[in-house]
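Heads up, run-v7.cif below (mmCIF, C-alpha atoms):
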data_upload
loop_
_atom_site.label_atom_id
_atom_site.label_comp_id
_atom_site.auth_asym_id
_atom_site.auth_seq_id
_atom_site.Cartn_x
_atom_site.Cartn_y
_atom_site.Cartn_z
CA MET Z 33 217.26 65.74 90.20
CA LEU Z 34 214.45 66.18 92.69
CA ILE Z 35 212.05 69.03 92.04
CA ARG Z 36 212.75 70.38 95.52
CA ASN Z 37 216.48 70.59 94.79
CA ARG Z 38 215.80 72.13 91.39
CA LEU Z 39 213.47 74.76 92.84
CA THR Z 40 215.99 75.55 95.58
CA ILE Z 41 218.79 76.01 93.04
CA ILE Z 42 216.67 78.18 90.75
CA PHE Z 43 215.40 80.31 93.65
CA THR Z 44 218.93 80.67 95.02
CA LEU Z 45 220.38 81.69 91.65
CA LEU Z 46 217.65 84.25 91.00
CA ALA Z 47 217.72 85.75 94.49
CA THR Z 48 221.53 85.81 94.56
CA ALA Z 49 221.66 87.46 91.14
CA ILE Z 50 219.24 90.16 92.34
CA GLN Z 51 221.18 90.63 95.56
CA VAL Z 52 224.55 90.86 93.81
CA THR Z 53 223.12 93.27 91.23
CA LEU Z 54 221.76 95.53 93.96
CA SER Z 55 225.09 95.37 95.81
CA LEU Z 56 226.99 96.35 92.68
CA LEU Z 57 224.60 99.23 92.10
CA VAL Z 58 225.10 100.43 95.69
CA TRP Z 59 228.89 100.22 95.32
CA TYR Z 60 228.82 101.94 91.92
CA PHE Z 61 226.64 104.86 92.99
CA TYR Z 62 228.54 105.33 96.23
CA SER Z 63 231.76 105.38 94.19
CA LEU Z 64 230.28 108.13 92.01
CA TYR Z 65 229.14 110.00 95.11
CA ARG Z 66 232.63 109.78 96.66
CA GLN Z 67 234.21 111.05 93.47
CA GLU Z 68 231.80 113.95 93.11
CA GLU Z 69 232.22 114.85 96.77
CA PHE Z 70 236.02 114.84 96.50
CA TYR Z 71 235.96 116.94 93.33
CA SER Z 72 233.76 119.41 95.19
CA ARG Z 73 236.37 119.59 97.97
CA LEU Z 74 239.10 120.12 95.38
CA GLU Z 75 237.10 122.88 93.73
CA GLY Z 76 236.59 124.54 97.12
CA LYS Z 77 240.32 124.32 97.78
CA ALA Z 78 241.13 125.80 94.37
CA ARG Z 79 238.77 128.75 94.82
CA VAL Z 80 240.03 129.44 98.34
CA ALA Z 81 243.57 129.42 96.94
CA GLY Z 82 242.48 131.83 94.22
CA ARG Z 83 240.91 134.28 96.66
CA VAL Z 84 243.82 134.12 99.11
CA LEU Z 85 246.78 133.96 96.74
CA ILE Z 86 245.53 135.94 93.74
CA SER Z 87 242.94 138.40 95.00
CA ARG Z 88 244.92 139.29 98.14
CA ARG Z 89 248.30 139.14 96.41
CA HIS Z 90 249.98 136.49 98.51
CA LEU Z 91 251.51 134.61 95.56
CA HIS Z 92 255.07 135.27 96.62
CA ASP Z 93 255.03 134.98 100.40
CA ASP Z 94 254.46 132.20 102.92
CA PHE Z 95 250.96 133.21 103.89
CA PHE Z 96 249.29 130.27 102.12
CA LYS Z 97 251.77 127.77 103.52
CA ASN Z 98 251.12 129.00 107.05
CA MET Z 99 247.38 128.80 106.44
CA VAL Z 100 247.64 125.20 105.18
CA ARG Z 101 249.47 124.14 108.34
CA THR Z 102 246.48 125.23 110.45
CA ASP Z 103 243.80 123.92 108.00
CA LEU Z 104 242.11 120.88 109.51
CA LEU Z 105 240.60 119.98 106.10
CA THR Z 106 243.93 119.54 104.34
CA ILE Z 107 243.77 116.81 101.71
CA VAL Z 108 246.31 113.99 101.64
CA GLU Z 109 249.07 114.71 99.06
CA GLU Z 110 247.42 118.01 98.38
CA GLN Z 111 248.88 120.07 95.56
CA ILE Z 112 247.92 123.58 94.47
CA SER Z 113 249.40 125.07 91.28
CA ILE Z 114 248.53 128.44 89.71
CA PHE Z 115 249.38 129.49 86.15
CA ASP Z 116 248.91 132.92 84.63
CA GLN Z 117 247.37 133.78 81.29
CA GLN Z 118 250.63 132.91 79.46
CA HIS Z 119 250.61 129.44 81.12
CA LYS Z 120 253.55 130.37 83.36
CA LEU Z 121 253.70 128.89 86.82
CA VAL Z 122 253.22 131.59 89.44
CA PHE Z 123 252.63 129.38 92.49
CA THR Z 124 252.95 125.74 93.54
CA ASN Z 125 253.30 123.90 96.80
CA ARG Z 126 254.97 120.94 95.07
CA THR Z 127 257.95 120.36 92.81
CA LEU Z 128 258.28 122.06 89.43
CA LYS Z 129 258.33 118.67 87.69
CA GLU Z 130 254.89 117.89 88.95
CA SER Z 131 253.68 121.37 87.99
CA ASP Z 132 254.83 120.88 84.40
CA TYR Z 133 252.46 117.89 84.16
CA TYR Z 134 249.53 120.13 85.04
CA LYS Z 135 250.65 122.84 82.65
CA GLU Z 136 250.07 120.43 79.76
CA LYS Z 137 246.40 120.07 80.75
CA ILE Z 138 245.54 123.77 80.27
CA PRO Z 139 244.92 123.51 76.48
CA HIS Z 140 242.41 120.69 77.18
CA LEU Z 141 240.12 123.00 79.14
CA PRO Z 142 236.71 122.58 77.36
CA SER Z 143 235.68 126.27 77.51
CA SER Z 144 236.64 129.52 79.14
CA ASP Z 145 234.52 129.03 82.26
CA ALA Z 146 234.33 125.26 82.41
CA ILE Z 147 235.85 123.04 85.08
CA PHE Z 148 238.06 120.18 83.95
CA GLU Z 149 238.24 117.04 86.12
CA PHE Z 150 240.80 114.29 85.53
CA ARG Z 151 242.93 111.65 87.22
CA ALA Z 152 246.69 111.50 87.44
CA GLY Z 153 247.70 108.08 88.75
CA HIS Z 154 246.15 107.62 92.14
CA LEU Z 155 245.52 111.37 92.45
CA GLU Z 156 242.32 113.08 91.39
CA SER Z 157 242.68 116.59 90.00
CA ILE Z 158 240.65 119.60 88.98
CA LEU Z 159 241.42 122.59 86.75
CA ILE Z 160 239.40 125.80 87.06
CA PRO Z 161 239.84 129.22 85.38
CA TYR Z 162 240.01 132.20 87.71
CA ASN Z 163 239.64 135.89 86.71
CA ASP Z 164 240.97 138.77 88.79
CA GLN Z 165 241.25 142.44 87.77
CA GLY Z 166 241.16 141.63 84.08
CA GLN Z 167 243.77 138.92 84.40
CA ARG Z 168 243.11 135.22 83.84
CA PHE Z 169 244.67 132.49 85.94
CA PHE Z 170 244.41 128.70 85.91
CA ILE Z 171 244.30 126.94 89.25
CA PHE Z 172 245.06 123.23 89.66
CA ALA Z 173 244.09 121.33 92.79
CA SER Z 174 244.76 117.62 93.32
CA GLY Z 175 245.03 115.10 96.11
CA TYR Z 176 244.34 111.59 97.30
CA ASP Z 177 240.95 110.86 98.88
CA ARG Z 178 242.20 108.52 101.56
CA ILE Z 179 239.10 108.80 103.72
CA GLY Z 180 236.75 108.33 100.78
CA PHE Z 181 238.59 105.24 99.52
CA ALA Z 182 238.72 103.86 103.06
CA LYS Z 183 234.94 104.24 103.30
CA LEU Z 184 234.54 102.63 99.88
CA GLY Z 185 236.71 99.70 100.98
CA THR Z 186 234.68 99.32 104.16
CA LEU Z 187 231.49 99.36 102.09
CA GLN Z 188 232.92 96.62 99.85
CA GLN Z 189 233.64 94.45 102.89
CA ILE Z 190 230.17 95.05 104.28
CA LEU Z 191 228.56 94.19 100.96
CA LEU Z 192 230.70 91.06 100.60
CA LEU Z 193 229.79 89.81 104.07
CA ALA Z 194 226.15 90.74 103.50
CA ASN Z 195 226.09 88.80 100.22
CA MET Z 196 227.68 85.74 101.82
CA LEU Z 197 225.19 85.83 104.69
CA GLY Z 198 222.35 86.54 102.27
CA PHE Z 199 223.38 83.60 100.09
CA SER Z 200 223.22 81.27 103.08
CA LEU Z 201 219.82 82.60 104.11
CA ILE Z 202 218.55 82.33 100.52
CA VAL Z 203 219.59 78.66 100.32
CA LEU Z 204 217.88 77.85 103.62
CA ALA Z 205 214.78 79.84 102.70
CA GLY Z 206 214.61 78.21 99.25
CA TRP Z 207 214.96 74.73 100.75
CA TYR Z 208 212.32 75.46 103.38
CA PHE Z 209 209.72 77.09 101.15
CA SER Z 210 210.17 74.59 98.30
CA GLY Z 211 209.51 71.86 100.85
CA ARG Z 212 206.41 73.69 102.04
CA VAL Z 213 205.17 74.12 98.46
CA LEU Z 214 205.84 70.50 97.48
CA LYS Z 215 204.52 69.00 100.72
CA PRO Z 216 200.97 68.54 99.34
CA ILE Z 217 202.43 66.77 96.31
CA SER Z 218 204.45 64.48 98.60
CA GLN Z 219 201.25 63.70 100.49
CA ILE Z 220 199.50 62.91 97.20
CA VAL Z 221 202.38 60.59 96.24
CA ASP Z 222 202.16 58.80 99.60
CA GLU Z 223 198.39 58.41 99.27
CA VAL Z 224 198.62 57.15 95.68
CA GLU Z 225 201.29 54.60 96.64
CA GLN Z 226 198.85 53.08 99.11
CA ILE Z 227 196.19 52.56 96.43
CA THR Z 228 196.34 49.10 94.84
CA ALA Z 229 194.01 47.11 92.63
CA LYS Z 230 192.18 45.99 95.78
CA ASP Z 231 191.83 49.55 97.12
CA LEU Z 232 190.56 51.46 94.10
CA HIS Z 233 187.75 52.85 96.25
CA LYS Z 234 190.27 55.06 98.09
CA ARG Z 235 190.65 58.68 97.04
CA VAL Z 236 193.31 61.38 97.34
CA ASN Z 237 192.75 64.37 99.62
CA GLU Z 238 191.73 67.27 97.36
CA GLY Z 239 192.74 70.06 99.76
CA ASN Z 240 191.09 73.42 99.10
CA ARG Z 241 189.90 72.36 95.59
CA ARG Z 242 191.09 75.71 94.18
CA ASP Z 243 194.84 75.77 93.54
CA GLU Z 244 196.87 73.78 91.00
CA ILE Z 245 197.82 71.04 93.47
CA ALA Z 246 194.17 70.56 94.42
CA GLN Z 247 193.36 70.30 90.70
CA LEU Z 248 196.07 67.64 90.41
CA ALA Z 249 194.48 65.70 93.28
CA MET Z 250 191.04 66.06 91.67
CA THR Z 251 192.48 64.78 88.37
CA PHE Z 252 193.94 61.76 90.21
CA ASN Z 253 190.55 61.07 91.77
CA GLN Z 254 188.82 61.29 88.40
CA MET Z 255 191.39 58.85 87.01
CA LEU Z 256 190.75 56.53 89.97
CA PHE Z 257 187.01 56.70 89.28
CA ARG Z 258 187.66 55.66 85.69
CA LEU Z 259 190.07 52.91 86.75
CA GLU Z 260 187.58 51.59 89.29
CA ASP Z 261 184.85 51.55 86.65
CA ALA Z 262 187.22 49.83 84.23
CA PHE Z 263 188.14 47.17 86.81
CA VAL Z 264 184.49 46.60 87.71
CA SER Z 265 183.60 46.34 84.02
CA GLN Z 266 186.52 44.00 83.44
CA ARG Z 267 185.49 41.72 86.31
CA SER Z 268 181.91 41.74 85.06
CA PHE Z 269 183.08 41.12 81.50
CA VAL Z 270 185.29 38.19 82.55
CA ALA Z 271 182.50 36.71 84.68
CA HIS Z 272 179.93 36.99 81.89
CA ALA Z 273 182.34 35.77 79.22
CA SER Z 274 183.31 32.78 81.36
CA HIS Z 275 179.67 31.96 81.92
CA GLU Z 276 178.73 32.34 78.24
CA LEU Z 277 181.68 30.20 77.12
CA ARG Z 278 181.29 27.62 79.88
CA THR Z 279 177.64 26.84 79.10
CA PRO Z 280 178.05 25.71 75.45
CA LEU Z 281 181.37 24.00 76.19
CA THR Z 282 179.81 22.12 79.12
CA ASN Z 283 176.86 21.12 76.95
CA THR Z 284 179.21 19.95 74.22
CA LEU Z 285 181.32 17.92 76.64
CA GLY Z 286 178.25 16.39 78.27
CA THR Z 287 176.74 15.48 74.91
CA LEU Z 288 179.93 13.86 73.66
CA GLU Z 289 180.55 11.95 76.91
CA THR Z 290 176.95 10.68 76.94
CA SER Z 291 177.22 9.63 73.29
CA LEU Z 292 180.53 7.91 73.97
CA ARG Z 293 179.13 5.87 76.84
CA TYR Z 294 175.57 5.07 75.76
CA ASP Z 295 175.02 5.60 72.02
CA GLN Z 296 175.10 2.31 70.14
CA ASN Z 297 173.92 3.11 66.59
CA PRO Z 298 175.03 5.67 64.01
CA ASN Z 299 171.78 7.67 64.19
CA ASP Z 300 172.30 8.39 67.88
CA TRP Z 301 175.89 9.36 67.19
CA ARG Z 302 174.74 11.71 64.45
CA ASP Z 303 172.18 13.38 66.74
CA SER Z 304 174.80 13.89 69.43
CA MET Z 305 177.28 15.34 66.95
CA GLU Z 306 174.64 17.75 65.62
CA VAL Z 307 173.96 18.98 69.16
CA ALA Z 308 177.71 19.36 69.77
CA VAL Z 309 178.15 21.25 66.49
CA GLU Z 310 175.39 23.71 67.39
CA GLU Z 311 177.00 24.36 70.77
CA LEU Z 312 180.41 24.85 69.17
CA LYS Z 313 178.86 27.31 66.70
CA LYS Z 314 177.71 29.33 69.68
CA VAL Z 315 181.26 29.31 71.04
CA ILE Z 316 182.66 30.43 67.68
CA SER Z 317 180.03 33.14 67.33
CA LEU Z 318 180.75 34.43 70.82
CA THR Z 319 184.51 34.35 70.17
CA ASN Z 320 184.10 36.27 66.92
CA SER Z 321 181.92 38.83 68.68
CA LEU Z 322 184.53 39.29 71.42
CA LEU Z 323 187.26 39.70 68.81
CA GLY Z 324 185.16 42.27 66.97
CA LEU Z 325 184.56 44.19 70.19
CA ALA Z 326 188.30 44.13 70.97
CA ARG Z 327 189.07 45.38 67.45
CA VAL Z 328 186.62 48.26 67.79
CA THR Z 329 187.82 49.14 71.29
CA ASP Z 330 191.42 49.27 70.06
CA GLY Z 331 190.48 52.21 67.81
CA ALA Z 332 193.49 51.78 65.49
CA LEU Z 333 191.47 52.37 62.32
CA THR Z 334 191.97 54.46 59.21
CA LEU Z 335 189.06 56.88 58.81
CA GLN Z 336 187.87 57.94 55.37
CA SER Z 337 184.87 59.73 53.91
CA VAL Z 338 181.83 57.48 54.30
CA GLN Z 339 178.27 57.89 52.99
CA VAL Z 340 175.86 57.21 55.85
CA ASP Z 341 172.97 56.42 53.51
CA ASP Z 342 175.02 53.78 51.64
CA CYS Z 343 175.93 52.04 54.92
CA LEU Z 344 172.31 52.15 56.12
CA LEU Z 345 170.98 50.74 52.83
CA THR Z 346 173.59 47.93 52.91
CA ALA Z 347 172.53 47.02 56.45
CA LEU Z 348 168.85 47.08 55.44
CA GLY Z 349 169.59 44.74 52.55
CA GLN Z 350 171.23 42.20 54.86
CA ILE Z 351 168.37 42.42 57.35
CA HIS Z 352 165.84 41.90 54.54
CA ALA Z 353 167.70 38.72 53.61
CA LYS Z 354 167.67 37.53 57.25
CA TYR Z 355 164.04 38.53 57.91
CA PRO Z 356 162.39 38.29 54.47
CA HIS Z 357 158.84 38.71 55.76
CA ARG Z 358 159.54 41.68 58.04
CA SER Z 359 158.38 45.16 57.02
CA LEU Z 360 161.23 47.71 57.19
CA PRO Z 361 159.90 51.02 55.82
CA LEU Z 362 162.63 53.61 55.21
CA GLN Z 363 161.85 57.32 55.26
CA PHE Z 364 164.30 59.95 53.89
CA THR Z 365 164.04 63.54 55.10
CA THR Z 366 167.04 65.11 53.39
CA ASP Z 367 167.87 67.65 50.72
CA ASP Z 368 170.80 68.32 48.43
CA ASP Z 369 172.11 71.18 50.57
CA HIS Z 370 173.07 68.90 53.45
CA SER Z 371 175.82 66.32 53.19
CA LEU Z 372 175.42 62.68 54.25
CA THR Z 373 179.18 62.15 54.55
CA VAL Z 374 181.11 61.51 57.75
CA LYS Z 375 184.67 60.51 58.58
CA GLY Z 376 184.74 56.83 59.39
CA ASN Z 377 184.92 53.23 58.27
CA ALA Z 378 182.18 51.91 55.98
CA THR Z 379 182.39 48.30 57.20
CA LEU Z 380 182.16 49.23 60.88
CA LEU Z 381 179.36 51.74 60.33
CA THR Z 382 177.38 49.13 58.40
CA THR Z 383 177.95 46.68 61.26
CA ALA Z 384 176.62 49.23 63.76
CA PHE Z 385 173.42 49.78 61.74
CA LEU Z 386 173.11 46.01 61.23
CA ASN Z 387 173.28 45.35 64.98
CA LEU Z 388 170.63 47.97 65.72
CA LEU Z 389 168.29 46.68 63.01
CA ASP Z 390 168.87 43.06 64.03
CA ASN Z 391 167.98 43.83 67.66
CA ALA Z 392 164.84 45.65 66.56
CA CYS Z 393 163.75 42.65 64.47
CA LYS Z 394 164.71 40.06 67.09
CA TYR Z 395 162.67 41.60 69.88
CA SER Z 396 159.67 42.70 67.81
CA THR Z 397 157.32 40.88 65.48
CA GLU Z 398 155.85 44.06 63.98
CA ALA Z 399 157.23 46.48 61.40
CA VAL Z 400 160.48 48.33 62.19
CA SER Z 401 160.57 51.92 60.92
CA VAL Z 402 163.81 53.57 59.84
CA GLN Z 403 164.29 57.30 59.28
CA LEU Z 404 167.27 59.18 57.83
CA GLN Z 405 167.22 62.93 58.46
CA THR Z 406 169.69 65.79 57.99
CA THR Z 407 169.90 69.21 59.59
CA SER Z 408 172.33 72.07 59.10
CA ASP Z 409 175.03 70.27 61.11
CA LYS Z 410 173.67 66.82 62.00
CA ILE Z 411 172.84 63.50 60.38
CA LEU Z 412 170.17 61.56 62.27
CA VAL Z 413 169.26 57.87 61.96
CA ILE Z 414 166.16 56.80 63.91
CA ILE Z 415 165.20 53.12 64.29
CA LYS Z 416 161.91 52.36 66.03
CA ASP Z 417 160.25 49.05 66.90
CA HIS Z 418 157.13 48.02 68.84
CA GLY Z 419 158.56 45.01 70.64
CA ARG Z 420 158.98 43.92 74.25
CA GLY Z 421 161.08 46.97 75.25
CA ILE Z 422 163.77 47.30 77.91
CA ALA Z 423 163.27 47.78 81.64
CA GLU Z 424 164.65 50.97 83.24
CA VAL Z 425 166.93 48.94 85.51
CA ASP Z 426 168.50 47.33 82.43
CA ILE Z 427 168.93 50.52 80.37
CA ALA Z 428 171.76 51.73 82.66
CA HIS Z 429 173.79 48.59 81.81
CA ILE Z 430 172.55 47.85 78.31
CA PHE Z 431 175.83 49.00 76.73
CA ASP Z 432 177.99 46.85 79.03
CA PRO Z 433 179.56 43.90 77.19
CA LEU Z 434 177.82 40.55 77.74
CA TYR Z 435 174.95 42.15 79.66
CA ARG Z 436 171.43 41.11 78.68
CA GLY Z 437 168.09 42.29 79.99
CA LYS Z 438 165.82 40.22 82.21
CA ASN Z 439 163.11 39.86 79.57
CA VAL Z 440 165.13 38.35 76.71
CA GLU Z 441 164.83 34.67 77.62
CA GLY Z 442 164.48 32.51 74.56
CA VAL Z 443 166.06 35.05 72.21
CA PRO Z 444 169.57 34.08 71.04
CA GLY Z 445 172.36 36.53 71.69
CA PHE Z 446 175.37 37.33 73.88
CA GLY Z 447 174.89 40.98 74.83
CA ILE Z 448 177.82 42.22 72.74
CA GLY Z 449 176.05 43.89 69.81
CA LEU Z 450 175.04 47.13 71.56
CA ALA Z 451 178.42 47.48 73.28
CA MET Z 452 180.16 47.12 69.93
CA THR Z 453 177.70 49.51 68.27
CA GLN Z 454 178.29 52.19 70.88
CA LYS Z 455 182.07 51.92 70.40
CA ILE Z 456 181.67 52.19 66.62
CA ILE Z 457 179.44 55.28 66.92
CA GLU Z 458 181.97 56.90 69.28
CA LEU Z 459 184.77 56.19 66.78
CA HIS Z 460 182.73 58.12 64.21
CA GLN Z 461 182.35 61.07 66.62
CA GLY Z 462 178.67 60.26 66.90
CA PHE Z 463 176.11 59.91 69.68
CA LEU Z 464 173.84 56.95 70.47
CA HIS Z 465 170.70 57.43 72.54
CA LEU Z 466 168.20 54.72 73.46
CA ASN Z 467 164.66 55.25 74.75
CA SER Z 468 162.51 52.25 75.65
CA LYS Z 469 159.46 51.17 77.63
CA ILE Z 470 158.35 47.67 78.56
CA ASP Z 471 155.85 46.21 76.07
CA GLU Z 472 155.76 49.47 74.09
CA GLY Z 473 158.94 49.25 72.07
CA THR Z 474 162.33 50.88 71.68
CA THR Z 475 163.53 53.94 69.80
CA VAL Z 476 167.23 54.32 68.95
CA LEU Z 477 168.64 57.68 67.85
CA VAL Z 478 172.04 57.88 66.19
CA SER Z 479 173.44 61.34 65.37
CA PHE Z 480 176.60 62.31 63.48
CA SER Z 481 178.15 65.64 62.74
CA ASN Z 482 178.36 66.30 58.98
CA VAL Z 483 180.93 69.06 59.46
CA PHE Z 484 184.51 67.76 59.15
#

Have the structure of the file written as structure tokens, please.
Amino acid sequence: MLIRNRLTIIFTLLATAIQVTLSLLVWYFYSLYRQEEFYSRLEGKARVAGRVLISRRHLHDDFFKNMVRTDLLTIVEEQISIFDQQHKLVFTNRTLKESDYYKEKIPHLPSSDAIFEFRAGHLESILIPYNDQGQRFFIFASGYDRIGFAKLGTLQQILLLANMLGFSLIVLAGWYFSGRVLKPISQIVDEVEQITAKDLHKRVNEGNRRDEIAQLAMTFNQMLFRLEDAFVSQRSFVAHASHELRTPLTNTLGTLETSLRYDQNPNDWRDSMEVAVEELKKVISLTNSLLGLARVTDGALTLQSVQVDDCLLTALGQIHAKYPHRSLPLQFTTDDDHSLTVKGNATLLTTAFLNLLDNACKYSTEAVSVQLQTTSDKILVIIKDHGRGIAEVDIAHIFDPLYRGKNVEGVPGFGIGLAMTQKIIELHQGFLHLNSKIDEGTTVLVSFSNVF
């Protein structure tokens, strides 16, 4: 179901429920008002009958009947019955059978001076005590409130028509206002549908940038920024990967074709095969690096407690084996109060340190210093070399896969190590910062949180 239809239905149900509830309250309170008003009229009739018939001693003549004929306020099916203190009927303007019914109500009078109201079929009745010259009488007055019920019926019809008309207006209003509310979302949908892989530079109108819909548009734009960056990175990655793979494969093919056509003795064949093998090793190394980067980027790894110092020492041992004559002084600035444990993967963390140390040794012929420090909530690893450094224009892209600086000619590599290292550090909830100057060296800071 469309959100507009759902909002219209919900708004209609809520508004109709409120409207019907108010209508029922109006009808209920008016019904109470009619009843109280009619009982007041009956009480007035009963007291007038008491003053005329009892106080003026007209119980046994036709004075009251003549007065009723000229009374413009006579109630429909009006009945007046008077009983004395012994519950004997002394006056009635109706049949004796009907008067006997009222006689049975006298014992139910709550107290000596209270008024008793009750219904008898469609008639509403009232019983009041009346005292005159030391004698006690009971006066019954009853009748049918035709005018009151007619007004109540008219009110019911008015309320019914008003509710039907109100329901129609509520549906139209709900449909209109839900459309107005959802119109910005419809515009966002239309704008997003026009954005394709070729038009990722387009953005959604953010409106007033304050309400929830504007926040939705801003979120879409942020997502588009990320998608555009991802597509640009992907294109760059594919271009660089194709170039890096094409070069050794082209060299291998050229070497083998040349050997096939021109080499005549086994020594020449051997030289050509050695060249082809070296080129294929480059292809395999690049492929393995790309697979490692994909594995790290996937992030589907089981994290366990890892000792940072153990991983760093393992990486230093491998670098010592690769560069046996290179000085790699290690400085510890830690104490027993601070933990060196993080949540992560020991193999990946060792690989990250190995990549950083290998880069420092590849691009510098001098000693590479390594520091391991701890603070109250951080673990810091600082690797510093005094090599050729990195230009400022290259630092912005140094973590992009397959990107290499302009001053690294002659140094083997594919530009994947730092990209992989950054992903590994991020998986360990860490931070990698690089500071470098041309011909002065590079300092790499890796920080982890030791609170987990």

I'd like to know which of Z:Trp59, Z:Thr53, Z:Ile245, Z:Ala173 is closest to Arg73 (chain Z), using all atoms listed in the file. Z:Ala173

Just how far from CA of Trp301 (chain Z) is CA of Thr284 (chain Z), in Å to one decimal?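 So the two atoms, CA of Thr284 (chain Z) and CA of Trp301 (chain Z), lie 13.1 Å apart.
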
Can you translate the PyMOL selection byres ((chain Z and resi 333-348) around 8) into the concrete residues it hits in this file, as a list in words?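 Listing what the PyMOL selection byres ((chain Z and resi 333-348) around 8) selects in the shown file: Gly331, Ala332, Gly349, Gln350, Ile351, His352, Leu360, Leu372, Thr373, Val374, Lys375, Gly376, Asn377, Ala378, Thr379, Leu381, Thr382, Thr383, Phe385, Leu386, Leu389 and Leu404 of chain Z.
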
I would like the residues chosen by the PyMOL selection byres ((chain Z and resi 219-222) around 12) on the shown file; could you give them as a PyMOL selection string? chain Z and resi 211-218+223-227+235-239+245-253

Could the residues in this selection be written to a file with C-alpha atoms, as a short mmCIF file (atom, residue, chain, number, x, y, z; two decimals), in the frame of the given file?
data_model
loop_
_atom_site.label_atom_id
_atom_site.label_comp_id
_atom_site.auth_asym_id
_atom_site.auth_seq_id
_atom_site.Cartn_x
_atom_site.Cartn_y
_atom_site.Cartn_z
CA GLY Z 211 209.51 71.86 100.85
CA ARG Z 212 206.41 73.69 102.04
CA VAL Z 213 205.17 74.12 98.46
CA LEU Z 214 205.84 70.50 97.48
CA LYS Z 215 204.52 69.00 100.72
CA PRO Z 216 200.97 68.54 99.34
CA ILE Z 217 202.43 66.77 96.31
CA SER Z 218 204.45 64.48 98.60
CA GLU Z 223 198.39 58.41 99.27
CA VAL Z 224 198.62 57.15 95.68
CA GLU Z 225 201.29 54.60 96.64
CA GLN Z 226 198.85 53.08 99.11
CA ILE Z 227 196.19 52.56 96.43
CA ARG Z 235 190.65 58.68 97.04
CA VAL Z 236 193.31 61.38 97.34
CA ASN Z 237 192.75 64.37 99.62
CA GLU Z 238 191.73 67.27 97.36
CA GLY Z 239 192.74 70.06 99.76
CA ILE Z 245 197.82 71.04 93.47
CA ALA Z 246 194.17 70.56 94.42
CA GLN Z 247 193.36 70.30 90.70
CA LEU Z 248 196.07 67.64 90.41
CA ALA Z 249 194.48 65.70 93.28
CA MET Z 250 191.04 66.06 91.67
CA THR Z 251 192.48 64.78 88.37
CA PHE Z 252 193.94 61.76 90.21
CA ASN Z 253 190.55 61.07 91.77
#

What is the CA of Phe115 (chain Z)-CA of Ile171 (chain Z) distance in Å, reported with one decimal? 6.5 Å
